[in-house]
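Source file: start.cif. Holds: mmCIF, C-alpha atoms.
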```
data_start
#
loop_
_atom_site.label_atom_id
_atom_site.label_comp_id
_atom_site.auth_asym_id
_atom_site.auth_seq_id
_atom_site.Cartn_x
_atom_site.Cartn_y
_atom_site.Cartn_z
CA MET A 1 72.41 105.22 77.55
CA ASP A 2 70.80 102.67 79.83
CA PHE A 3 73.83 100.49 80.44
CA LEU A 4 71.90 97.68 82.13
CA ALA A 5 69.35 97.51 79.34
CA SER A 6 72.13 97.40 76.74
CA THR A 7 73.87 94.63 78.64
CA ARG A 8 70.64 92.61 78.90
CA GLN A 9 70.13 93.12 75.18
CA ALA A 10 73.73 92.05 74.51
CA PHE A 11 73.30 88.71 76.28
CA ALA A 12 69.98 88.19 74.50
CA LEU A 13 71.80 88.69 71.19
CA LEU A 14 74.51 86.24 72.18
CA PHE A 15 72.21 83.47 73.31
CA SER A 16 69.57 83.92 70.63
CA GLY A 17 72.10 82.88 67.97
CA ASP A 18 71.92 86.23 66.18
CA ALA A 19 73.31 85.45 62.71
CA GLU A 20 75.04 88.81 62.20
CA LEU A 21 76.77 88.62 65.57
CA TRP A 22 77.97 85.04 65.08
CA THR A 23 79.19 85.82 61.55
CA ILE A 24 81.39 88.55 63.05
CA ILE A 25 82.72 86.12 65.65
CA TRP A 26 83.37 83.47 62.98
CA ILE A 27 85.25 85.94 60.74
CA SER A 28 87.40 87.02 63.71
CA LEU A 29 88.30 83.48 64.61
CA ARG A 30 88.93 82.38 61.01
CA VAL A 31 91.19 85.35 60.20
CA SER A 32 93.19 85.18 63.44
CA LEU A 33 93.66 81.40 63.43
CA LEU A 34 94.76 81.35 59.78
CA ALA A 35 97.14 84.25 60.42
CA LEU A 36 98.68 82.29 63.31
CA ALA A 37 98.89 79.12 61.22
CA ILE A 38 100.84 81.03 58.56
CA ALA A 39 103.09 82.99 60.91
CA THR A 40 103.93 80.33 63.52
CA PRO A 41 106.24 77.96 61.56
CA PRO A 42 108.61 80.63 60.14
CA ALA A 43 108.55 82.61 63.40
CA VAL A 44 109.48 79.55 65.48
CA VAL A 45 112.26 78.65 63.03
CA LEU A 46 113.61 82.22 63.23
CA GLY A 47 113.39 82.22 67.03
CA TYR A 48 115.27 78.90 67.15
CA VAL A 49 118.00 80.06 64.75
CA LEU A 50 118.48 83.34 66.63
CA ALA A 51 118.77 81.45 69.92
CA GLN A 52 121.13 78.72 68.71
CA LYS A 53 123.31 80.21 65.99
CA ARG A 54 125.81 83.04 65.96
CA PHE A 55 126.05 84.98 62.70
CA PRO A 56 126.62 88.58 61.55
CA GLY A 57 123.49 90.67 61.98
CA ARG A 58 122.00 88.37 64.62
CA ARG A 59 121.83 91.08 67.27
CA VAL A 60 120.24 93.50 64.81
CA LEU A 61 117.53 90.91 64.08
CA VAL A 62 116.92 90.32 67.79
CA VAL A 63 116.58 94.06 68.44
CA LEU A 64 114.30 94.38 65.40
CA ILE A 65 111.99 91.62 66.62
CA GLN A 66 111.86 93.12 70.10
CA GLY A 67 111.11 96.51 68.58
CA LEU A 68 108.34 95.08 66.41
CA LEU A 69 106.60 93.74 69.52
CA SER A 70 105.30 97.22 70.22
CA PHE A 71 104.87 98.26 66.57
CA PRO A 72 101.48 100.02 66.20
CA THR A 73 99.07 97.76 64.35
CA VAL A 74 97.63 100.73 62.51
CA VAL A 75 101.06 101.36 60.95
CA VAL A 76 101.18 97.72 59.81
CA GLY A 77 97.77 98.37 58.27
CA LEU A 78 99.00 101.57 56.62
CA ILE A 79 102.05 99.87 55.06
CA LEU A 80 99.94 96.94 53.88
CA TYR A 81 97.33 99.35 52.50
CA ILE A 82 99.99 101.17 50.47
CA LEU A 83 101.25 97.84 49.12
CA LEU A 84 97.81 96.44 48.30
CA THR A 85 96.06 99.53 46.99
CA ARG A 86 95.24 99.45 43.29
CA GLN A 87 98.22 101.70 42.48
CA GLY A 88 100.52 99.86 44.90
CA PRO A 89 103.20 97.29 44.04
CA LEU A 90 100.84 94.43 44.99
CA GLY A 91 97.70 96.10 43.64
CA SER A 92 97.26 93.48 40.92
CA TRP A 93 96.58 90.88 43.62
CA ALA A 94 93.25 92.68 44.32
CA LEU A 95 93.39 91.77 48.00
CA LEU A 96 92.50 95.08 49.60
CA PHE A 97 89.31 94.87 51.72
CA THR A 98 89.36 91.06 51.81
CA GLN A 99 89.87 88.58 54.61
CA GLU A 100 93.15 87.56 52.92
CA ALA A 101 94.49 91.09 53.45
CA MET A 102 93.45 90.95 57.10
CA ILE A 103 95.15 87.56 57.45
CA MET A 104 98.35 88.99 55.95
CA GLY A 105 98.23 91.94 58.35
CA GLN A 106 97.57 89.79 61.41
CA ALA A 107 100.31 87.34 60.40
CA VAL A 108 102.76 90.28 60.28
CA ILE A 109 101.53 91.51 63.69
CA ALA A 110 101.74 88.04 65.27
CA PHE A 111 105.16 87.18 63.79
CA PRO A 112 107.39 89.12 66.24
CA VAL A 113 105.38 87.89 69.24
CA LEU A 114 105.77 84.28 68.12
CA ALA A 115 109.45 84.70 67.23
CA ALA A 116 110.27 86.48 70.51
CA PHE A 117 108.60 83.75 72.56
CA ALA A 118 110.35 81.00 70.59
CA LEU A 119 113.68 82.82 70.99
CA ALA A 120 113.22 83.17 74.75
CA ALA A 121 112.02 79.57 75.05
CA VAL A 122 115.04 78.11 73.22
CA GLN A 123 117.47 80.44 75.02
CA GLY A 124 115.97 79.28 78.30
CA ALA A 125 116.15 75.60 77.33
CA ASP A 126 118.60 73.40 79.17
CA PRO A 127 121.66 73.29 76.84
CA ARG A 128 122.06 69.59 77.68
CA ALA A 129 118.85 68.84 75.74
CA HIS A 130 120.42 69.78 72.40
CA GLU A 131 123.79 68.28 73.33
CA THR A 132 122.18 65.01 74.36
CA ALA A 133 120.27 64.80 71.08
CA VAL A 134 123.47 65.49 69.10
CA SER A 135 125.49 63.04 71.16
CA LEU A 136 122.88 60.34 70.57
CA GLY A 137 123.35 60.82 66.84
CA ALA A 138 120.48 63.17 65.96
CA SER A 139 120.79 65.16 62.74
CA PRO A 140 120.74 68.97 63.14
CA LEU A 141 117.05 68.99 62.13
CA ARG A 142 116.10 66.23 64.59
CA ALA A 143 118.12 67.90 67.36
CA ALA A 144 116.30 71.20 66.64
CA MET A 145 112.90 69.50 66.71
CA THR A 146 113.82 67.75 69.96
CA THR A 147 114.89 71.01 71.58
CA LEU A 148 111.67 72.73 70.49
CA LEU A 149 109.63 69.82 71.82
CA GLU A 150 111.40 70.14 75.15
CA VAL A 151 110.27 73.79 75.37
CA ARG A 152 106.91 73.23 73.69
CA PHE A 153 104.91 74.73 76.56
CA ALA A 154 106.75 78.05 76.29
CA VAL A 155 106.40 78.04 72.48
CA VAL A 156 102.67 77.34 72.75
CA ALA A 157 102.40 80.15 75.30
CA GLY A 158 103.76 82.40 72.54
CA VAL A 159 101.02 81.19 70.19
CA PHE A 160 98.38 82.04 72.81
CA ASN A 161 99.88 85.49 73.28
CA GLY A 162 100.00 86.00 69.53
CA PHE A 163 96.33 85.03 69.34
CA GLY A 164 95.53 87.51 72.09
CA ARG A 165 97.29 90.27 70.16
CA VAL A 166 95.67 89.66 66.77
CA ILE A 167 92.12 88.78 67.87
CA SER A 168 91.80 92.14 69.60
CA GLU A 169 93.66 94.45 67.17
CA VAL A 170 91.54 96.99 65.36
CA GLY A 171 93.87 99.30 63.41
CA CYS A 172 95.16 96.96 60.71
CA ALA A 173 91.86 95.07 60.34
CA MET A 174 90.01 98.33 59.82
CA MET A 175 92.48 99.68 57.24
CA VAL A 176 92.99 96.62 55.04
CA GLY A 177 89.68 94.89 55.76
CA GLY A 178 87.43 97.89 55.38
CA ASN A 179 84.90 96.63 57.96
CA ILE A 180 82.54 95.22 55.30
CA ALA A 181 79.53 93.50 56.92
CA GLY A 182 79.58 89.74 56.51
CA VAL A 183 82.97 89.81 54.77
CA THR A 184 85.67 91.60 56.76
CA ARG A 185 83.83 92.88 59.82
CA ASN A 186 85.44 91.25 62.84
CA ILE A 187 84.90 91.72 66.56
CA PRO A 188 87.12 94.81 67.18
CA THR A 189 86.01 96.68 64.03
CA ALA A 190 82.36 95.86 64.75
CA ILE A 191 82.68 97.16 68.33
CA ALA A 192 84.21 100.41 67.02
CA LEU A 193 81.45 100.83 64.42
CA GLU A 194 78.46 99.90 66.58
CA THR A 195 79.65 102.12 69.42
CA SER A 196 80.03 105.08 67.03
CA LYS A 197 76.44 104.43 65.88
CA GLY A 198 75.20 104.29 69.47
CA ASP A 199 74.29 100.57 69.28
CA PHE A 200 75.89 99.56 72.54
CA ALA A 201 74.15 96.18 72.85
CA GLN A 202 76.09 94.58 70.02
CA GLY A 203 79.29 96.29 71.13
CA ILE A 204 78.89 94.92 74.67
CA ALA A 205 78.01 91.43 73.36
CA LEU A 206 81.13 91.36 71.21
CA GLY A 207 83.17 92.81 74.05
CA VAL A 208 81.99 89.93 76.25
CA VAL A 209 83.11 87.46 73.58
CA LEU A 210 86.55 89.12 73.41
CA MET A 211 86.86 88.97 77.18
CA LEU A 212 85.84 85.31 77.14
CA PHE A 213 88.63 84.68 74.60
CA ALA A 214 91.08 86.46 76.92
CA LEU A 215 89.84 84.37 79.85
CA GLY A 216 90.16 81.21 77.76
CA ILE A 217 93.77 82.11 76.93
CA SER A 218 94.56 82.71 80.61
CA ILE A 219 93.02 79.37 81.58
CA ALA A 220 94.93 77.57 78.82
CA LEU A 221 98.20 79.19 79.95
CA ALA A 222 97.49 78.29 83.58
CA LEU A 223 96.86 74.69 82.52
CA LEU A 224 100.16 74.68 80.64
CA GLN A 225 101.94 76.02 83.72
CA GLY A 226 100.28 73.31 85.76
CA ARG A 227 101.79 70.69 83.50
CA GLY A 228 105.23 71.93 84.47
CA GLY A 229 106.06 73.54 81.17
CA LEU A 230 106.48 77.04 82.53
CA LYS A 231 108.16 77.91 85.75
CA MET B 1 140.50 57.00 68.78
CA SER B 2 143.79 58.81 68.79
CA PHE B 3 145.26 62.25 68.44
CA ARG B 4 148.75 63.62 68.18
CA HIS B 5 148.07 66.84 69.99
CA LEU B 6 145.06 68.43 71.69
CA ARG B 7 145.01 72.01 72.90
CA LYS B 8 142.36 74.15 74.50
CA SER B 9 142.67 77.66 75.88
CA PHE B 10 140.24 79.85 77.76
CA GLY B 11 140.92 83.58 77.63
CA GLY B 12 144.64 83.16 77.13
CA ARG B 13 144.95 80.46 79.79
CA LYS B 14 146.03 77.11 78.38
CA LEU B 15 143.67 74.52 79.90
CA LEU B 16 144.71 71.48 77.89
CA ASP B 17 147.99 70.82 76.11
CA LEU B 18 148.03 67.09 75.53
CA GLY B 19 150.58 65.06 73.62
CA PRO B 20 149.88 61.82 71.73
CA PHE B 21 147.02 59.80 73.19
CA ALA B 22 145.15 56.75 71.96
CA ILE B 23 142.21 54.71 73.18
CA GLY B 24 142.27 51.23 71.71
CA GLU B 25 139.40 48.89 71.00
CA GLY B 26 138.08 47.42 74.24
CA GLU B 27 140.23 49.63 76.47
CA ALA B 28 138.90 51.50 79.47
CA TYR B 29 140.48 54.66 80.86
CA VAL B 30 139.78 56.80 83.87
CA VAL B 31 140.93 60.41 83.87
CA THR B 32 141.25 62.04 87.25
CA GLY B 33 142.21 65.61 88.07
CA ASP B 34 141.31 68.54 90.26
CA ASN B 35 138.15 70.52 89.65
CA GLY B 36 138.74 72.79 86.68
CA SER B 37 141.67 70.70 85.41
CA GLY B 38 139.85 70.13 82.10
CA LYS B 39 138.51 66.56 82.40
CA THR B 40 135.01 67.46 81.26
CA THR B 41 136.36 69.75 78.55
CA LEU B 42 138.53 66.92 77.20
CA LEU B 43 135.53 64.58 76.96
CA ARG B 44 133.35 67.27 75.37
CA ILE B 45 136.01 68.06 72.76
CA LEU B 46 136.32 64.38 71.84
CA ALA B 47 132.52 64.14 71.63
CA GLY B 48 132.49 67.10 69.23
CA LEU B 49 130.42 69.21 71.62
CA GLU B 50 133.11 71.81 72.21
CA PRO B 51 135.69 73.35 69.90
CA GLY B 52 139.29 72.45 70.44
CA GLU B 53 142.54 72.37 68.54
CA ILE B 54 143.32 68.78 67.60
CA ALA B 55 146.12 67.58 65.38
CA GLY B 56 146.34 64.08 63.93
CA PHE B 57 142.80 63.23 65.03
CA GLU B 58 141.86 59.70 63.95
CA PHE B 59 139.02 57.31 64.62
CA GLN B 60 139.08 53.70 63.47
CA GLY B 61 142.11 54.60 61.36
CA ALA B 62 140.33 57.39 59.46
CA ALA B 63 141.60 60.97 59.70
CA LEU B 64 139.04 63.42 61.10
CA THR B 65 138.50 67.15 61.08
CA HIS B 66 137.36 68.24 64.49
CA GLY B 67 133.98 69.99 64.50
CA LYS B 68 132.99 68.20 61.30
CA LEU B 69 132.68 64.63 62.47
CA PRO B 70 131.05 62.43 59.83
CA GLU B 71 127.76 60.72 60.74
CA ASN B 72 129.28 57.26 61.17
CA VAL B 73 131.81 58.63 63.69
CA ARG B 74 129.14 60.64 65.53
CA HIS B 75 127.16 57.41 65.79
CA ASP B 76 130.16 55.55 67.23
CA ILE B 77 130.82 57.97 70.11
CA VAL B 78 128.33 58.65 72.90
CA TYR B 79 128.87 61.23 75.62
CA VAL B 80 126.95 61.02 78.90
CA HIS B 81 126.69 64.19 81.00
CA GLN B 82 127.57 64.25 84.70
CA HIS B 83 123.92 65.04 85.32
CA PRO B 84 122.26 63.24 82.42
CA TYR B 85 119.46 65.04 80.64
CA LEU B 86 116.36 62.97 79.99
CA PHE B 87 113.83 64.20 77.45
CA HIS B 88 110.39 65.00 78.84
CA THR B 89 108.81 61.95 77.27
CA SER B 90 109.14 58.46 78.78
CA VAL B 91 111.95 56.20 79.93
CA ALA B 92 111.43 53.91 76.93
CA HIS B 93 111.37 56.82 74.47
CA ASN B 94 114.59 58.18 75.97
CA ILE B 95 116.34 54.84 75.59
CA GLY B 96 115.06 54.46 72.03
CA TYR B 97 115.92 58.04 70.96
CA GLY B 98 119.32 57.28 69.44
CA LEU B 99 117.94 54.19 67.70
CA ALA B 100 115.23 56.33 66.08
CA ALA B 101 117.92 58.82 65.03
CA ARG B 102 119.68 55.92 63.30
CA GLY B 103 116.50 54.97 61.46
CA ILE B 104 115.82 51.82 63.51
CA ASP B 105 112.07 51.67 63.85
CA GLY B 106 109.25 49.43 64.93
CA ALA B 107 109.74 45.98 66.39
CA GLU B 108 113.53 46.02 66.27
CA ARG B 109 113.70 49.27 68.23
CA ALA B 110 111.19 48.00 70.78
CA ARG B 111 113.20 44.78 71.20
CA LEU B 112 116.49 46.64 71.74
CA VAL B 113 114.85 49.08 74.16
CA GLU B 114 113.45 46.16 76.18
CA GLN B 115 116.91 44.58 76.35
CA ALA B 116 118.45 47.86 77.51
CA ILE B 117 115.72 48.40 80.12
CA ALA B 118 116.37 44.92 81.50
CA TRP B 119 120.17 45.46 81.44
CA ALA B 120 119.91 48.69 83.44
CA GLY B 121 117.28 47.29 85.81
CA VAL B 122 114.87 50.15 85.18
CA ASN B 123 111.77 48.19 84.24
CA HIS B 124 109.93 49.46 87.30
CA LEU B 125 110.57 53.05 86.16
CA ARG B 126 108.79 52.62 82.84
CA GLY B 127 105.72 54.58 83.88
CA VAL B 128 107.55 57.27 85.85
CA PRO B 129 108.00 60.66 84.12
CA PRO B 130 111.76 61.23 83.62
CA THR B 131 111.58 64.50 85.58
CA LYS B 132 110.55 62.49 88.66
CA LEU B 133 113.54 60.12 88.57
CA SER B 134 116.34 60.35 91.13
CA GLY B 135 119.92 61.14 90.09
CA GLY B 136 120.90 57.47 90.23
CA GLU B 137 117.88 56.38 88.20
CA LYS B 138 118.61 59.03 85.58
CA GLN B 139 122.20 57.86 85.38
CA ARG B 140 121.10 54.25 84.80
CA VAL B 141 118.61 55.28 82.10
CA ALA B 142 121.35 57.39 80.46
CA LEU B 143 123.77 54.44 80.53
CA ALA B 144 121.09 52.20 78.99
CA ARG B 145 120.40 54.90 76.38
CA ALA B 146 124.10 54.92 75.49
CA LYS B 147 124.65 51.15 75.59
CA VAL B 148 121.69 50.35 73.34
CA LEU B 149 123.52 52.18 70.53
CA LYS B 150 126.55 49.86 70.83
CA PRO B 151 128.98 52.77 70.39
CA ARG B 152 132.67 52.15 69.83
CA LEU B 153 133.52 54.68 72.52
CA PHE B 154 131.69 55.72 75.68
CA LEU B 155 132.62 59.10 77.14
CA LEU B 156 131.27 59.19 80.70
CA ASP B 157 131.54 62.40 82.70
CA GLU B 158 131.63 61.82 86.45
CA PRO B 159 129.03 59.02 86.30
CA THR B 160 128.99 58.48 90.07
CA ALA B 161 129.38 62.09 91.23
CA ASN B 162 126.60 63.13 93.61
CA LEU B 163 125.48 59.50 93.97
CA ASP B 164 125.85 57.54 97.13
CA GLY B 165 124.87 54.24 98.64
CA GLU B 166 122.81 51.94 96.46
CA ALA B 167 122.53 54.36 93.51
CA ARG B 168 126.31 54.64 93.25
CA GLY B 169 126.72 50.88 93.54
CA GLN B 170 124.19 50.28 90.75
CA ALA B 171 125.91 52.76 88.42
CA ILE B 172 129.32 51.18 89.12
CA ALA B 173 127.89 47.70 88.47
CA LEU B 174 126.68 48.81 85.03
CA ILE B 175 130.02 50.42 84.17
CA ARG B 176 131.88 47.31 85.39
CA GLN B 177 129.75 45.30 82.98
CA LEU B 178 130.57 47.66 80.12
CA VAL B 179 134.29 47.20 80.87
CA GLN B 180 133.94 43.42 81.11
CA ASP B 181 132.14 43.37 77.76
CA ASN B 182 135.25 44.91 76.16
CA ASN B 183 133.75 48.29 75.40
CA SER B 184 136.04 51.29 74.98
CA LEU B 185 135.47 53.83 77.70
CA LEU B 186 136.96 57.13 78.74
CA ILE B 187 135.63 58.15 82.14
CA ALA B 188 136.25 61.40 83.97
CA CYS B 189 135.87 60.71 87.67
CA HIS B 190 137.33 60.65 91.17
CA ASP B 191 135.62 57.47 92.29
CA ARG B 192 138.19 55.11 93.77
CA GLU B 193 136.02 52.05 93.04
CA LEU B 194 135.81 52.93 89.35
CA ILE B 195 139.54 53.64 89.15
CA GLU B 196 140.27 50.24 90.63
CA LEU B 197 137.98 48.27 88.31
CA PRO B 198 139.90 45.37 86.71
CA GLY B 199 141.32 46.37 83.34
CA MET B 200 140.97 50.09 84.00
CA ARG B 201 143.92 52.33 83.09
CA HIS B 202 144.33 55.47 85.11
CA PHE B 203 145.49 58.84 83.80
CA HIS B 204 145.80 62.03 85.80
CA LEU B 205 145.27 65.46 84.27
CA GLU B 206 147.48 68.14 85.72
CA ASN B 207 148.59 71.50 84.33
CA GLY B 208 147.04 70.57 81.01
CA LYS B 209 149.02 67.33 80.66
CA LEU B 210 147.86 63.72 80.89
CA LEU B 211 150.09 61.49 82.98
CA GLU B 212 149.59 57.75 83.38
CA VAL B 213 149.36 56.73 87.02
#
```
Could you express the structure from this file as structure tokens?
Amino acid sequence: MDFLASTRQAFALLFSGDAELWTIIWISLRVSLLALAIATPPAVVLGYVLAQKRFPGRRVLVVLIQGLLSFPTVVVGLILYILLTRQGPLGSWALLFTQEAMIMGQAVIAFPVLAAFALAAVQGADPRAHETAVSLGASPLRAAMTTLLEVRFAVVAGVFNGFGRVISEVGCAMMVGGNIAGVTRNIPTAIALETSKGDFAQGIALGVVLMLFALGISIALALLQGRGGLK
Amino acid sequence: MSFRHLRKSFGGRKLLDLGPFAIGEGEAYVVTGDNGSGKTTLLRILAGLEPGEIAGFEFQGAALTHGKLPENVRHDIVYVHQHPYLFHTSVAHNIGYGLAARGIDGAERARLVEQAIAWAGVNHLRGVPPTKLSGGEKQRVALARAKVLKPRLFLLDEPTANLDGEARGQAIALIRQLVQDNNSLLIACHDRELIELPGMRHFHLENGKLLEV
């Protein structure tokens, strides 16, 4: 392989507006952003409840969430595949090898990251924030929203980390998406396929896009830190 | 507000074991006591922020269950921390927070916030992020944030602790005004000037008991 030639070709593909390449990028972004949009509200609520309330089974839930942080994405894909396959309990939904299945998988993968960050953020919040809200007459819901707003930078950092995890995961997307061109082929599955075919140019181009996403996340986090949200 | 008995223990050690106590309308009380004597805990229990064992708990003549204060009672009692916490928004938003929680919106809220800002003398701090305010400035914003709600009872925890010079004088001036305006206050503090404010009754907390001085 002529690495330099492949790299030159990769940048040519990126800047020439290659339709196939940009479709892959669009599918990746669409699937990951929708997965985050679905997973974020319940994950933040769970993180808040685990941080603020004491109830039987709380510690088990905390340990479970922490354990799920390192859960292999391919196993999430396997479980989802078994559920969604034609003979599976959710087979009638006919979602296997669709973007919806990938969104479900990525939402499951992002959930523990989002919940763990929200939990840590609320646990790290100044307890006077919630007490002040309550003492000023806020309802439990308003006091919860106020507390979350006070730690919004840390919660948003969790969303960025969740995005970083799902945009680059390949196992689940491959299993439940099927890597169908123009439908479920996203950046990681395309890189895996093109590399196995020996087409390094597209793999490198997509790799550059992934790295640019990672860089974008780092810059966004640094900007958040600069605003005093994270210490 | 009154109670027949208030008890609080920490790990088997009885911190508070108070007999009958009542704060009447328009009365101001200072509670002094050594560090760790339970002054802050007493205020936090009455504010509903900390569990405690209270018998015969009444507010405005209505019997209460501690820990389950009804909304109208929660709205009539405001607790101000020793180091007040200001939300990371703006001075005006902080002062208007409790009004918003009570459903007061729009022009009326803005008018009341303006009045409170003028009362506390914090107009010049309007554009300053709350995190950048000094301890004295935070205390004045917190007092304005409490006063704007016209509570029936102010619970102030060491409002002049860690303040000196002009900042302390400004906080005392605001509290003096609250006392003169016939508000009910229960203040935990050691500040001689606050204790000696006209109309102030002084209680001392020792060995879990409240004794009038």
Ile191 (chain A) surroundings by all atoms listed in the file, 10 Å radius, close-in-sequence under 2 positions cut, as a PyMOL selection string: chain A and resi 170+185-189+193-197+199-207
List, as a PyMOL selection string, every residue that the PyMOL selection byres ((chain A) within 12 of (chain B)) selects in the file provided. chain A and resi 125-143+145-153+227-229
Grab the CA of Leu186 (chain B) to CA of Asn123 (chain B) distance for me, in Å with one decimal place.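 Those two atoms sit 27.3 Å apart.
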Mind giving me the straight-line distance from CA of Gln60 (chain B) to CA of Pro20 (chain B) in Å, one decimal? 15.8 Å
Residues at most 9 Å from region 33-35 of chain A, counting all atoms listed in the file, excluding those fewer than 2 positions away in the same chain, as a compact mmCIF listing (two decimals) with C-alpha atoms, in the coordinates of the input?
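And here is the file that came out, out37.txt:
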```
# COMPACT_ATOMS: atom_id res chain seq x y z
CA SER A 28 87.40 87.02 63.71
CA LEU A 29 88.30 83.48 64.61
CA ARG A 30 88.93 82.38 61.01
CA VAL A 31 91.19 85.35 60.20
CA ALA A 37 98.89 79.12 61.22
CA ILE A 38 100.84 81.03 58.56
CA ALA A 39 103.09 82.99 60.91
CA THR A 40 103.93 80.33 63.52
CA MET A 102 93.45 90.95 57.10
CA ILE A 103 95.15 87.56 57.45
CA MET A 104 98.35 88.99 55.95
CA GLY A 105 98.23 91.94 58.35
CA GLN A 106 97.57 89.79 61.41
CA ALA A 107 100.31 87.34 60.40
CA VAL A 108 102.76 90.28 60.28
CA ALA A 110 101.74 88.04 65.27
CA PHE A 163 96.33 85.03 69.34
CA VAL A 166 95.67 89.66 66.77
CA ILE A 167 92.12 88.78 67.87
```
Can you measure CA of Phe97 (chain A) to CA of Pro41 (chain A) for me? One decimal in Å is fine.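 The value is 25.9 Å.
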Would you pick out the contacts of Val62 (chain A) at 9 Å or less, using only C-alpha atoms, so that residues sharing its chain but fewer than 3 positions from it are not included, and give the list as JSON, numbers by chain? {"A": [47, 50, 57, 58, 59, 65, 66, 67, 116, 119]}
Take the selection from the previous step and output its residues with C-alpha atoms, as an mmCIF file, keeping the file's coordinate frame.
```
data_model
loop_
_atom_site.group_PDB
_atom_site.id
_atom_site.type_symbol
_atom_site.label_atom_id
_atom_site.label_comp_id
_atom_site.auth_asym_id
_atom_site.auth_seq_id
_atom_site.Cartn_x
_atom_site.Cartn_y
_atom_site.Cartn_z
ATOM 1 C CA GLY A 47 113.390 82.220 67.030
ATOM 2 C CA LEU A 50 118.480 83.340 66.630
ATOM 3 C CA GLY A 57 123.490 90.670 61.980
ATOM 4 C CA ARG A 58 122.000 88.370 64.620
ATOM 5 C CA ARG A 59 121.830 91.080 67.270
ATOM 6 C CA ILE A 65 111.990 91.620 66.620
ATOM 7 C CA GLN A 66 111.860 93.120 70.100
ATOM 8 C CA GLY A 67 111.110 96.510 68.580
ATOM 9 C CA ALA A 116 110.270 86.480 70.510
ATOM 10 C CA LEU A 119 113.680 82.820 70.990
#
```
Of the candidates B:Leu15, B:Asn162, B:Asp105, B:Asp191, which one gets nearest to Thr40 (chain B) if we count all atoms listed in the file?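 With all atoms listed in the file as the atom set, the closest residue is B:Leu15.
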Show me, as a compact mmCIF listing (two decimals) with C-alpha atoms, in the frame of the given file, the residues that have an atom within 8 Å of Thr98 (chain A) when counting all atoms listed in the file, minus same-chain residues fewer than 3 positions from it.
```
# COMPACT_ATOMS: atom_id res chain seq x y z
CA LEU A 95 93.39 91.77 48.00
CA ALA A 101 94.49 91.09 53.45
CA MET A 102 93.45 90.95 57.10
CA VAL A 176 92.99 96.62 55.04
CA GLY A 177 89.68 94.89 55.76
CA GLY A 178 87.43 97.89 55.38
CA VAL A 183 82.97 89.81 54.77
CA THR A 184 85.67 91.60 56.76
```
When distances are computed from all atoms listed in the file, which of B:Pro70, B:Gly61, B:Gly19, B:Gly208 shows the smallest separation from Ser37 (chain B)?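 Comparing B:Pro70, B:Gly61, B:Gly19, B:Gly208 against Ser37 (chain B), the winner is B:Gly208.
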Could you write out as number ranges by chain the residues that the PyMOL selection byres ((chain B and resi 114) around 12) matches in the shown file? B: 91-93, 95-96, 107-113, 115-123, 126, 144-145, 148
Using all atoms listed in the file, list the residues that have an atom at most 12 Å from (143.2, 58.5, 61.0), coordinates as in the file, as a tab-separated table (two decimals) with C-alpha atoms, in the coordinates of the input.
```tsv
chain	number	residue	atom	x	y	z
B	1	MET	CA	140.50	57.00	68.78
B	2	SER	CA	143.79	58.81	68.79
B	3	PHE	CA	145.26	62.25	68.44
B	4	ARG	CA	148.75	63.62	68.18
B	22	ALA	CA	145.15	56.75	71.96
B	55	ALA	CA	146.12	67.58	65.38
B	56	GLY	CA	146.34	64.08	63.93
B	57	PHE	CA	142.80	63.23	65.03
B	58	GLU	CA	141.86	59.70	63.95
B	59	PHE	CA	139.02	57.31	64.62
B	60	GLN	CA	139.08	53.70	63.47
B	61	GLY	CA	142.11	54.60	61.36
B	62	ALA	CA	140.33	57.39	59.46
B	63	ALA	CA	141.60	60.97	59.70
B	64	LEU	CA	139.04	63.42	61.10
B	65	THR	CA	138.50	67.15	61.08
B	66	HIS	CA	137.36	68.24	64.49
B	73	VAL	CA	131.81	58.63	63.69
```
I need the residue nearest Asp17 (chain B) from this list: B:Leu205, B:Ala173, B:Glu196, B:Glu212. Use only C-alpha atoms for the distance.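 Among the listed residues, the smallest separation from Asp17 (chain B) belongs to B:Leu205.
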Between B:Glu166, B:Glu50, B:Glu206, B:Glu25, which one has atoms that come closest to Arg152 (chain B), using all atoms listed in the file?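 Counting all atoms listed in the file, the residue closest to Arg152 (chain B) is B:Glu25.
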Fewer than 4 positions away in the same chain doesn't count, so skip those; otherwise give me all residues within 8 Å of Gly77 (chain A), counting all atoms listed in the file, as a PyMOL selection string. chain A and resi 73+81+105+171-176
